[in-house]
Every structure is written in C-alpha cells, then in structure tokens.
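I have placed the structure first, in the form of structure tokens, so that the comments after it can refer back to it.
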Amino acid sequence: MKKQILAMGAILFSGILFAGCSSTKASNNTEAMNVTLAGNPATADPNKGGDTNSGSLFAQTDEGLYKLDKNNKVVAGAATKVVKPTNGGKTYTFTIKKNAKWSNGKAITAQDFATSFQRQVNPSTKSQVANLLTYVKNYQAVQDGKVKPSALGVKALNNHTLQIQLSKPEPYLKTVLATSLYPVNSAYVQKYGANYGSSSSKVVSSGAYKLVGWNGTKDTWTYVKNPYYWNAKQVKLSKVDVQVVKDDTTGTNLFKGNKVQETAISGQTVSQFSNSSNLNTHLISRMAFLEFNYKKSATSNENLSKAISLILDRKTMTSKVLADGSVPALNMVPKGDATDTANGKDFAGEVGNSLSYNVKDAQKDWKLAQKQLGKKKLTLTMLVDNTTTDKQVGQYIQGQAQKYLKGLAIDVKAMPHAQHIGVASNGGYDINLDGWTGDNQDPEEFLQLGNGEDPVNFTKWSDKHYTKLMNEIDDTNNHTTSERWTLMQEADKYLMAKQGIVPLYQSTASHLVSKDVQGLTYSNQSGDALYQYASIK
C-alpha cells in the first residue's frame, strides 16, 4: 500500500497562474508539459509519505526494484529482472543494474535499498507506510524495538546484490516492489537524517525525474528529466511543471486556456466533460470510508456507527452528490481489486453488498445507542479535507443525520490536507472522512484497516475475532491460496456486520488531457500519472 490512510479529492484553492506555461516542443527536441496537482505533498521521503500527493510525487521521482510499464504490467526497474523466489517463496535475490544511478550521478547500490527498508521499519522514523514490509523477516521485532533495524531480513550481499528474506510467502510482493518500495540515498540520509526529503535540496531521485524547486509549502515545482536514469533515452519530456490547484474551476480554466495540459477534475465537473475527447476517467482501487474514534465512549458505540451507515443512500451519494463516475461501496474491498484464481470472479462481487440503506433500522439502532450512552442529544465533529468533494459528502452525511436521527448533530470541520492527516493520525476526531488507495491487488490491504493490532488502524477499533481472522490470513505458511481467500471473505463480512469501518464509495480518477499529449498513462491502482511514458506532438 503504497499509501497510509489518505484524504480525498481536489482541494479548494485561491490559485496563482503560471505565465505562458503552454506545452513546448522546441527545435532541440525539448519537450515540456504543465500539469496540476490537488495539494502539496507532505514529504519527498518515500520512507514516510502515505498521502496521495506524496504518492504522486514518488511516482515521478522514485523507482524501486520493479516498476509499472505503460500497460500497467510489472517489469524490472532498478533490478535486472523480475526474479523467482527460492526457499519456499521466502527468499528473493536481486541484482541491481550497473547503470542504475541517482540523479546526482552516483550509483544506486544494494545498500541503498537495505538502508531504505530498515529505515522505513525503524520505529523512530514514525513511518506511515512501515507495514509495507510486514512480511519481511524480523519486521515485528524491529517495530516493537526488540531488535535493531539492521536485523530486518534485508541484506546487501555486495554493491549490486540485494537479498530479502521473508518470514512467510507474500502473495503480492511483486506489486509492492513496483509501486511502493523505493531506495533512499544512504549518503543523503546520513547527512540530513530526519530532514531527508523535507525539500528538493535534501533528496535525490532514483527515477525518471528529479525534484526541483519544492520545499513542502511552495505551490509550484518541477520534475526535471534525470539525465542519469538508466532508461533516460526513452523519457521524452524534459520537464514537467507542477502547480497546486485546489478547485476544479481554476483547473478547467487553466486547461481551456492551454496553460496546463493535464488537470484532475472531480465531482460534478466530470459530468460537464462527459462528451469531451479530452476526458480520461477510470475506476481506481480506492475506497472512501468513515472512521469512528473508538477511544471515545460515544463513537465506540456499535449501534451509533450502524445507524449512521444505514441512513446513507450510497447510490444517491455517488450519482447526485459526487456525479463523477464513483460507485457505491459493496463492502470493504473495491471492485476489481482482486480476482479469485479458482473461478476468475471479483472479490468484492463474491462477498456481495453488505451495505444497505434502511432508515427504519437506522432509527432503531440510534435509539439503542441513545439508551446505552444515556444521552438524548449528541454532537459529533467530522473531519474532512478542505475540498469541494469532501465537503459535499460531509454535508450530505450531516443532512441525513439531521433528517433521520433526531438528537444527533454532526459538525463538519474542513481543513487542509496535510493538517487533516496530522489531526486524524493523532486521534483528534469523532468521525473522520478518509480513504485508502491500494497497490497490492490483494483484499488484505483494505481489510487490515480494521485490525486492532495493525499500525494503520488509527480508529483503535479492536475485535478479538477479527484480529484472529487477520492473523490466519497472514499465516501464508499454513494456508493455501484458496483457504486464505475464504478467510478474507469471512473477515470482510464480519467487519461489515460490525461496521468497525463504514465504507462509502469507490473512487474514480478523472483528468482532462490535451490532445497534444501522447502516451500518458495512469496507474490502475492509484490513478497516479506516469509522465515518463508521455510525449508532446
């Protein structure tokens, strides 16, 4: 998972326009492109960043052992090939390309990968994405501080040979290595420590582009072609200028004026361009959901979360409130995220729709919650991103509660993306409108969000039976693929019955793309643009 719990949408903006930033293709074959991003990345440090905007940055500037090609297939990145594991699926040995180099011209070494993975798991790093390495040998002991990070099952055998030892087979490691796990420059980490990746001057890139002019707060920066990238000859764009645009109106005006060649759009703006050849839209592996703070007495009440879930008409939410092609959630796992190898059926479809709209049942649950809490009236604060989409969804939920659950008031509190992440991760909420973007093509990635023993569970919902199911799912040494699939279905149904998390809808990624742009492709999982495959006519 590439990503930690994420907030959604494009964020409201008072924008600064680029002057004369149309695409260029000069006589010297220089190609430049101008694009927008919904918000500022929280970090350029791939060991820490779990937000969507940082993920977009990593997709341009970082490359792991594997990568996604233009057809979204996993291929070799910094490694010479996609390897087959040995030792019963628990040992992977990679050879690093001799021409794999950092953007400063230094060789990318096996130690850079070892340093990165050890640093990501080190509890002092406070990584939001440490769990990406759960299956690596000694992961939990390192996380618990029982052994040093150097004990993690990752070792540089020499400058160009990296070995990863797993504690058990990992069904989706190939995808994680292609989309979520990157090296860090060992020398820069030693020099900058915790400040590594806090600005473009404190990070170097392993991917097709290097980061220029970013400092964590500035709303414009540039991805400049990395001349030392091993596959630089195939990268056509010499630079990509990025501008933070937090509302669709500004983005579409920039696009219509040819100031940008690509901009993300959301909500009802998408329907306005439904007949346009410039519209690129597709479902992605991203689930939006409500989290309840189970450290607080009111929001830890199961009947309360059930009542709120039951008053939400997800069809209305997606067709009327969002109107961007998003679809109602069926359960905790998005459609198309994983396929049953036995029969080719989709996981979400096999589990079925566990989320109904039933006002009468909701009111019964609300009365039970009132009685259990000893309160006739209750006011809860719901955090949302300061975006058009999130605020509209928040207002819909607020209105449904006011209409159908008498005595329950929900105050919608909108805040900037980075601030939202910080407040939510520290438990400063009653209800949180949040989301998760998957990378692993495995249902466990979404199911883990409800596991009380998992570091990504910030709600602190904890259920012994559910944790037992998750532990069995993780036990790939003793469960076949078929057994594991059945256990994941059972876990999804149980989580939905308890409403430990309340899924809302599966998101789409929608972009306006200029007809001058060729070859631009997007990750089917995250929706991130892959600019290294794009060119200008």
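FYI, nothing fancy with the structure tokens labels: chains A, B, ... in order, residues from 1 per chain, ligands from 1 as they appear.
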
Non-local contacts of region 117-129 of chain A (6 Å; only C-alpha atoms; under 5 positions in same chain excluded) as a ChimeraX atom specification: /A:4,47-48,50,143,149

Would you put the residues from that selection into a file with N, CA and C atoms, as a compact mmCIF listing (two decimals), in the first residue's frame?
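File again_24.txt, as written:
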# COMPACT_ATOMS: atom_id res chain seq x y z
N GLN A 4 -0.57 5.31 3.21
CA GLN A 4 -1.25 5.28 4.51
C GLN A 4 -2.61 5.87 4.31
N ASN A 47 10.20 6.83 2.57
CA ASN A 47 10.06 6.01 3.77
C ASN A 47 8.94 6.49 4.68
N LYS A 48 8.47 7.71 4.44
CA LYS A 48 7.48 8.30 5.35
C LYS A 48 6.13 8.57 4.71
N GLY A 50 2.63 8.81 3.18
CA GLY A 50 1.49 7.94 2.96
C GLY A 50 0.32 8.67 2.34
N GLN A 143 9.83 -3.36 14.73
CA GLN A 143 8.78 -2.40 15.05
C GLN A 143 8.57 -2.27 16.56
N PRO A 149 17.15 -2.25 13.74
CA PRO A 149 16.69 -2.28 12.35
C PRO A 149 17.58 -3.11 11.44

DSSP helix (DSSP H, G or I) residues within region 267-450 of chain A, as a ChimeraX atom specification: /A:268-272,302-310,314-322,347-351,359-373,388-404,417-425,444-450

Straight-line distance linking CA of Pro503 (chain A) with CA of Asn432 (chain A), stated in Å to one decimal: 11.7 Å

Nearest-residue call for Leu373 (chain A), choices A:Thr134, A:Thr217, A:Asn343, A:Thr299, using only C-alpha atoms: A:Thr299

Spatial neighbours of Asn301 (chain A), 7 Å, only C-alpha atoms, chain gap at least 4 places, as a ChimeraX atom specification: /A:297,305,369

Shell around Met496 (chain A) at 12 Å using only C-alpha atoms, local window under 2 positions removed, as a CSV table (one decimal) with N, CA and C atoms, in the first residue's frame:
chain,number,residue,atom,x,y,z
A,289,PHE,N,-14.3,6.0,3.1
A,289,PHE,CA,-15.0,5.4,4.2
A,289,PHE,C,-15.0,6.4,5.4
A,302,GLU,N,-21.3,0.6,18.9
A,302,GLU,CA,-21.5,-0.1,17.6
A,302,GLU,C,-22.8,0.3,17.0
A,305,SER,N,-22.5,3.7,14.9
A,305,SER,CA,-21.9,3.5,13.6
A,305,SER,C,-22.8,2.8,12.7
A,306,LYS,N,-23.6,1.8,13.1
A,306,LYS,CA,-24.5,1.1,12.3
A,306,LYS,C,-25.7,2.1,11.9
A,309,SER,N,-24.4,4.5,9.2
A,309,SER,CA,-24.2,3.7,7.9
A,309,SER,C,-25.5,3.5,7.2
A,310,LEU,N,-26.6,3.2,8.0
A,310,LEU,CA,-27.9,2.8,7.4
A,310,LEU,C,-28.6,4.0,6.8
A,329,ALA,N,-19.9,1.6,-2.5
A,329,ALA,CA,-19.2,0.5,-2.0
A,329,ALA,C,-20.1,-0.7,-1.7
A,330,LEU,N,-19.7,-1.9,-2.0
A,330,LEU,CA,-20.4,-3.1,-1.7
A,330,LEU,C,-20.0,-3.6,-0.3
A,331,ASN,N,-18.7,-3.4,0.0
A,331,ASN,CA,-18.1,-3.9,1.3
A,331,ASN,C,-16.8,-3.2,1.4
A,332,MET,N,-15.9,-3.7,2.2
A,332,MET,CA,-14.6,-3.0,2.4
A,332,MET,C,-13.6,-3.0,1.3
A,333,VAL,N,-13.8,-3.9,0.3
A,333,VAL,CA,-12.8,-4.0,-0.8
A,333,VAL,C,-13.4,-3.5,-2.1
A,351,VAL,N,-18.2,-11.4,-2.3
A,351,VAL,CA,-18.7,-11.1,-0.9
A,351,VAL,C,-20.1,-10.5,-1.0
A,352,GLY,N,-20.3,-9.7,-1.9
A,352,GLY,CA,-21.7,-9.1,-2.1
A,352,GLY,C,-21.9,-7.8,-1.4
A,353,ASN,N,-23.1,-7.3,-1.5
A,353,ASN,CA,-23.4,-6.0,-0.9
A,353,ASN,C,-23.8,-6.1,0.5
A,354,SER,N,-22.9,-5.6,1.4
A,354,SER,CA,-23.2,-5.7,2.8
A,354,SER,C,-23.6,-4.3,3.4
A,355,LEU,N,-23.9,-3.4,2.5
A,355,LEU,CA,-24.2,-2.0,3.0
A,355,LEU,C,-25.6,-1.6,2.5
A,356,SER,N,-26.5,-1.6,3.3
A,356,SER,CA,-27.9,-1.3,2.9
A,356,SER,C,-28.3,0.1,3.3
A,447,LEU,N,-8.7,-4.8,4.3
A,447,LEU,CA,-9.2,-5.5,5.5
A,447,LEU,C,-8.3,-5.2,6.7
A,450,GLY,N,-9.1,-2.5,9.7
A,450,GLY,CA,-9.9,-2.8,10.9
A,450,GLY,C,-9.2,-3.6,11.9
A,466,TYR,N,-11.9,-10.7,14.9
A,466,TYR,CA,-11.4,-10.1,13.6
A,466,TYR,C,-9.9,-10.2,13.6
A,489,GLN,N,-12.8,-13.4,2.8
A,489,GLN,CA,-14.2,-13.2,2.6
A,489,GLN,C,-15.0,-13.1,3.9
A,490,GLU,N,-14.6,-14.1,4.8
A,490,GLU,CA,-15.2,-14.1,6.1
A,490,GLU,C,-14.9,-12.9,6.9
A,491,ALA,N,-13.6,-12.4,6.8
A,491,ALA,CA,-13.2,-11.2,7.5
A,491,ALA,C,-14.0,-10.0,7.0
A,492,ASP,N,-14.2,-9.8,5.7
A,492,ASP,CA,-14.9,-8.7,5.1
A,492,ASP,C,-16.3,-8.7,5.6
A,493,LYS,N,-17.0,-9.8,5.6
A,493,LYS,CA,-18.4,-9.9,6.0
A,493,LYS,C,-18.5,-9.6,7.5
A,494,TYR,N,-17.5,-10.0,8.3
A,494,TYR,CA,-17.6,-9.8,9.8
A,494,TYR,C,-17.4,-8.3,10.0
A,498,LYS,N,-20.2,-5.7,11.8
A,498,LYS,CA,-19.9,-4.9,13.0
A,498,LYS,C,-19.8,-3.4,12.7
A,499,GLN,N,-19.6,-3.1,11.4
A,499,GLN,CA,-19.4,-1.7,11.0
A,499,GLN,C,-18.2,-1.0,11.7
A,500,GLY,N,-17.1,-1.8,11.9
A,500,GLY,CA,-15.9,-1.2,12.5
A,500,GLY,C,-15.4,-0.1,11.7
A,501,ILE,N,-15.6,-0.1,10.4
A,501,ILE,CA,-15.3,1.0,9.5
A,501,ILE,C,-16.5,1.0,8.5
A,502,VAL,N,-16.9,2.2,8.1
A,502,VAL,CA,-18.1,2.3,7.3
A,502,VAL,C,-17.7,2.8,5.9
A,503,PRO,N,-17.6,1.8,4.9
A,503,PRO,CA,-17.3,2.2,3.5
A,503,PRO,C,-18.4,3.0,2.9
A,504,LEU,N,-18.0,3.9,2.0
A,504,LEU,CA,-18.9,4.8,1.3
A,504,LEU,C,-19.0,4.6,-0.2

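Counting only C-alpha atoms, the residue from A:Gln419, A:Thr93, A:Asn426, A:Ser206 that sits nearest to Val384 (chain A) is A:Gln419.
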
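Closest approach to Gln441 (chain A) among A:Leu211, A:Ala401, A:Leu173, A:Val270 is made by A:Leu173 (distances from only C-alpha atoms).
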
Residue contacts of Ala409 (chain A) (8 Å, only C-alpha atoms) excluding same-chain residues fewer than 4 positions away, as an NGL selection string: :A and (377-380 or 398 or 401-402)

Dump all heavy atoms for the selected residues as a PDB file, in the first residue's frame?
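Below is the file that was written, result00.pdb:
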ATOM      1  N   LYS A 377     -29.329  13.701  23.220  1.00  0.00           N
ATOM      2  CA  LYS A 377     -28.723  14.532  22.191  1.00  0.00           C
ATOM      3  C   LYS A 377     -27.205  14.301  22.168  1.00  0.00           C
ATOM      4  O   LYS A 377     -26.585  14.092  23.203  1.00  0.00           O
ATOM      5  CB  LYS A 377     -29.020  16.015  22.427  1.00  0.00           C
ATOM      6  CG  LYS A 377     -30.489  16.370  22.276  1.00  0.00           C
ATOM      7  CD  LYS A 377     -30.706  17.871  22.417  1.00  0.00           C
ATOM      8  CE  LYS A 377     -32.168  18.236  22.204  1.00  0.00           C
ATOM      9  NZ  LYS A 377     -32.400  19.708  22.306  1.00  0.00           N
ATOM     10  N   LEU A 378     -26.650  14.357  20.988  1.00  0.00           N
ATOM     11  CA  LEU A 378     -25.222  14.108  20.828  1.00  0.00           C
ATOM     12  C   LEU A 378     -24.707  14.930  19.648  1.00  0.00           C
ATOM     13  O   LEU A 378     -25.314  14.938  18.573  1.00  0.00           O
ATOM     14  CB  LEU A 378     -24.973  12.622  20.566  1.00  0.00           C
ATOM     15  CG  LEU A 378     -23.517  12.145  20.473  1.00  0.00           C
ATOM     16  CD1 LEU A 378     -22.793  12.331  21.801  1.00  0.00           C
ATOM     17  CD2 LEU A 378     -23.479  10.674  20.044  1.00  0.00           C
ATOM     18  N   THR A 379     -23.623  15.649  19.867  1.00  0.00           N
ATOM     19  CA  THR A 379     -22.990  16.419  18.796  1.00  0.00           C
ATOM     20  C   THR A 379     -21.598  15.857  18.534  1.00  0.00           C
ATOM     21  O   THR A 379     -20.781  15.737  19.456  1.00  0.00           O
ATOM     22  CB  THR A 379     -22.872  17.913  19.165  1.00  0.00           C
ATOM     23  OG1 THR A 379     -24.185  18.447  19.374  1.00  0.00           O
ATOM     24  CG2 THR A 379     -22.190  18.695  18.048  1.00  0.00           C
ATOM     25  N   LEU A 380     -21.342  15.495  17.278  1.00  0.00           N
ATOM     26  CA  LEU A 380     -20.064  14.910  16.887  1.00  0.00           C
ATOM     27  C   LEU A 380     -19.408  15.774  15.807  1.00  0.00           C
ATOM     28  O   LEU A 380     -20.096  16.370  14.971  1.00  0.00           O
ATOM     29  CB  LEU A 380     -20.267  13.494  16.337  1.00  0.00           C
ATOM     30  CG  LEU A 380     -20.948  12.487  17.269  1.00  0.00           C
ATOM     31  CD1 LEU A 380     -21.200  11.179  16.532  1.00  0.00           C
ATOM     32  CD2 LEU A 380     -20.096  12.242  18.514  1.00  0.00           C
ATOM     33  N   GLN A 398     -24.135  14.943   7.032  1.00  0.00           N
ATOM     34  CA  GLN A 398     -24.679  15.836   8.053  1.00  0.00           C
ATOM     35  C   GLN A 398     -26.197  15.995   7.882  1.00  0.00           C
ATOM     36  O   GLN A 398     -26.962  15.912   8.851  1.00  0.00           O
ATOM     37  CB  GLN A 398     -23.995  17.201   7.936  1.00  0.00           C
ATOM     38  CG  GLN A 398     -24.453  18.250   8.918  1.00  0.00           C
ATOM     39  CD  GLN A 398     -23.839  19.613   8.591  1.00  0.00           C
ATOM     40  OE1 GLN A 398     -23.972  20.114   7.469  1.00  0.00           O
ATOM     41  NE2 GLN A 398     -23.157  20.198   9.564  1.00  0.00           N
ATOM     42  N   ALA A 401     -28.181  12.780   8.798  1.00  0.00           N
ATOM     43  CA  ALA A 401     -28.254  12.591  10.252  1.00  0.00           C
ATOM     44  C   ALA A 401     -29.295  13.527  10.868  1.00  0.00           C
ATOM     45  O   ALA A 401     -30.100  13.125  11.725  1.00  0.00           O
ATOM     46  CB  ALA A 401     -26.883  12.824  10.879  1.00  0.00           C
ATOM     47  N   GLN A 402     -29.266  14.769  10.436  1.00  0.00           N
ATOM     48  CA  GLN A 402     -30.216  15.752  10.967  1.00  0.00           C
ATOM     49  C   GLN A 402     -31.658  15.364  10.614  1.00  0.00           C
ATOM     50  O   GLN A 402     -32.576  15.540  11.418  1.00  0.00           O
ATOM     51  CB  GLN A 402     -29.900  17.136  10.393  1.00  0.00           C
ATOM     52  CG  GLN A 402     -30.804  18.248  10.916  1.00  0.00           C
ATOM     53  CD  GLN A 402     -30.400  19.612  10.362  1.00  0.00           C
ATOM     54  OE1 GLN A 402     -29.381  19.747   9.705  1.00  0.00           O
ATOM     55  NE2 GLN A 402     -31.209  20.613  10.640  1.00  0.00           N
TER      56      GLN A 402
END

Residue contacts of Gln506 (chain A) (12 Å, only C-alpha atoms) excluding same-chain residues fewer than 4 positions away, as a ChimeraX atom specification: /A:8,282-289,314-315,317-318,322,324-337,348,434-438,525-526

Produce a file of the selected residues containing C-alpha atoms, as a compact mmCIF listing (two decimals), in the first residue's frame.
# COMPACT_ATOMS: atom_id res chain seq x y z
CA MET A 8 -9.52 12.63 -0.85
CA HIS A 282 -11.46 5.13 -14.81
CA LEU A 283 -12.25 3.42 -11.51
CA ILE A 284 -9.25 3.01 -9.26
CA SER A 285 -8.53 0.82 -6.27
CA ARG A 286 -9.51 3.45 -3.74
CA MET A 287 -12.17 3.22 -1.07
CA ALA A 288 -13.66 6.18 0.76
CA PHE A 289 -14.97 5.44 4.23
CA ARG A 314 -24.80 5.36 -1.42
CA LYS A 315 -26.46 5.42 -4.82
CA MET A 317 -24.20 9.87 -2.82
CA THR A 318 -22.39 8.72 -5.95
CA LEU A 322 -20.36 13.14 -6.45
CA ASP A 324 -18.06 11.76 -11.15
CA GLY A 325 -18.34 8.08 -12.01
CA SER A 326 -17.63 6.84 -8.49
CA VAL A 327 -19.65 3.76 -7.49
CA PRO A 328 -21.29 2.73 -4.20
CA ALA A 329 -19.20 0.51 -1.97
CA LEU A 330 -20.40 -3.06 -1.66
CA ASN A 331 -18.13 -3.90 1.25
CA MET A 332 -14.64 -3.01 2.44
CA VAL A 333 -12.83 -4.03 -0.77
CA PRO A 334 -13.12 -2.12 -4.09
CA LYS A 335 -14.37 -3.77 -7.24
CA GLY A 336 -11.58 -5.07 -9.46
CA ASP A 337 -9.03 -5.08 -6.66
CA ALA A 348 -16.00 -7.63 -3.89
CA ASP A 434 -10.99 9.18 4.93
CA GLY A 435 -9.79 6.85 2.23
CA TRP A 436 -7.29 4.23 1.23
CA THR A 437 -5.63 3.63 -2.13
CA GLY A 438 -4.46 0.09 -2.75
CA GLN A 525 -4.35 1.15 -8.69
CA SER A 526 -3.65 4.69 -7.50
